[in-house]
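Right, one structure below, let's go through it.
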Amino acid sequence: MRIGYGYDVHKLVENRKLILGGVQIPYTKGLIGHSDADVLIHAVIDAILGALAKGDIGQHFPDSNDLYKNINSRILLRDVKKIMNNEGYEISNIDATICAQKPKLKDYLLQMRKNISDDLDTELINISVKATTEEGLGISGKGMSATVVVLLNEL
C-alpha cells in the first residue's frame, strides 16, 4: 500500500467557468489557470503521483506546453490512472476536501465523486469529497483550494 497527499489552490476571477471535480458549477467567477484550473482534480492527481513518488502535476503536464492550455483536467486524471496502473497500483480510497467560501457545493459533491470514480475506474464508495468554507478566515473568497489523501493498493 502507498499513501499520497495532494494540495492545489487557484485564484477566482471574472469571465471564467467554475469547474470542480469535472462539474461546471454556476457562479459569477471561475478559477484561473493554464488548464481548466480544477483544484479538486489537480489535488487528486498530485496525491496519486505523490503516492507513486512520480513527481507532481507540473512535471507531467507543464503549463509551458500549449497542449494543456484550457484542457479538461479529467483527461489528465485518466492519464495519471494509466501511470498508476503501469506501476502496479489501483485506488483503495480517496478523501478530499474543497475549501470555498462561495458558492455552496453540497448539491454537486455526488457528481464530483462519480466523475472521479469513473475516471479512476473504482467504486463510488472509494471516493469521498467534502466542502468547507474556512469561515472567512482563509483564502476563500479570493480563491479555492483542495486537499486530498489517497491510499493505493497493489494490483
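Each chain in the C-alpha cells gets a letter, A, B, ..., in the order shown, and its residues are numbered from 1; ligands are numbered from 1 in order too.
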(message) For the alpha helix (DSSP H) assignment from backbone DSSP, which residues of chain A qualify? Please present them as a count of residues only.
(response) 42
(request) Based on DSSP run over this structure's backbone, return all residues of region 50-146 of chain A in strand (DSSP E or B), as a ChimeraX atom specification. (result) /A:89-99,127-132,140,143-146
(message) Measuring between only C-alpha atoms, which one of A:Arg74, A:Ile3, A:Ser35, A:Ala131 shows the shortest distance to Lys114 (chain A)?
(response)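 Distance minimum relative to Lys114 (chain A) lands on A:Arg74.
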(request) Would you kindly return, as a PyMOL selection string, each protein, DNA or RNA residue with an atom no farther than 12 Å from any atom of Ala53 (chain A), considering only C-alpha atoms and excluding same-chain residues fewer than 3 positions away? (result) chain A and resi 2-5+46-50+56-57+83-84+87
(message) My list of candidates is A:His42, A:His34, A:His10, A:Lys104. Which is closest to Asp66 (chain A) when distances are computed with only C-alpha atoms?
(response) A:His34
(message) Between A:Pro103, A:Gln59, A:Glu90, A:Asn72, which residue has the minimum interatomic distance to Pro26 (chain A), considering only C-alpha atoms?
(response) A:Pro103
(request) Would you please work out which residue, of A:Ile125, A:Leu67, A:Ile19, A:Ile139, is nearest to Tyr108 (chain A) when using only C-alpha atoms? (result)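 With only C-alpha atoms as the atom set, the closest residue is A:Ile19.
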(message) With distances taken over only C-alpha atoms, which residue among A:Leu20, A:Ala37, A:Leu52, A:Ile32 lies nearest Val129 (chain A)?
(response) A:Leu20
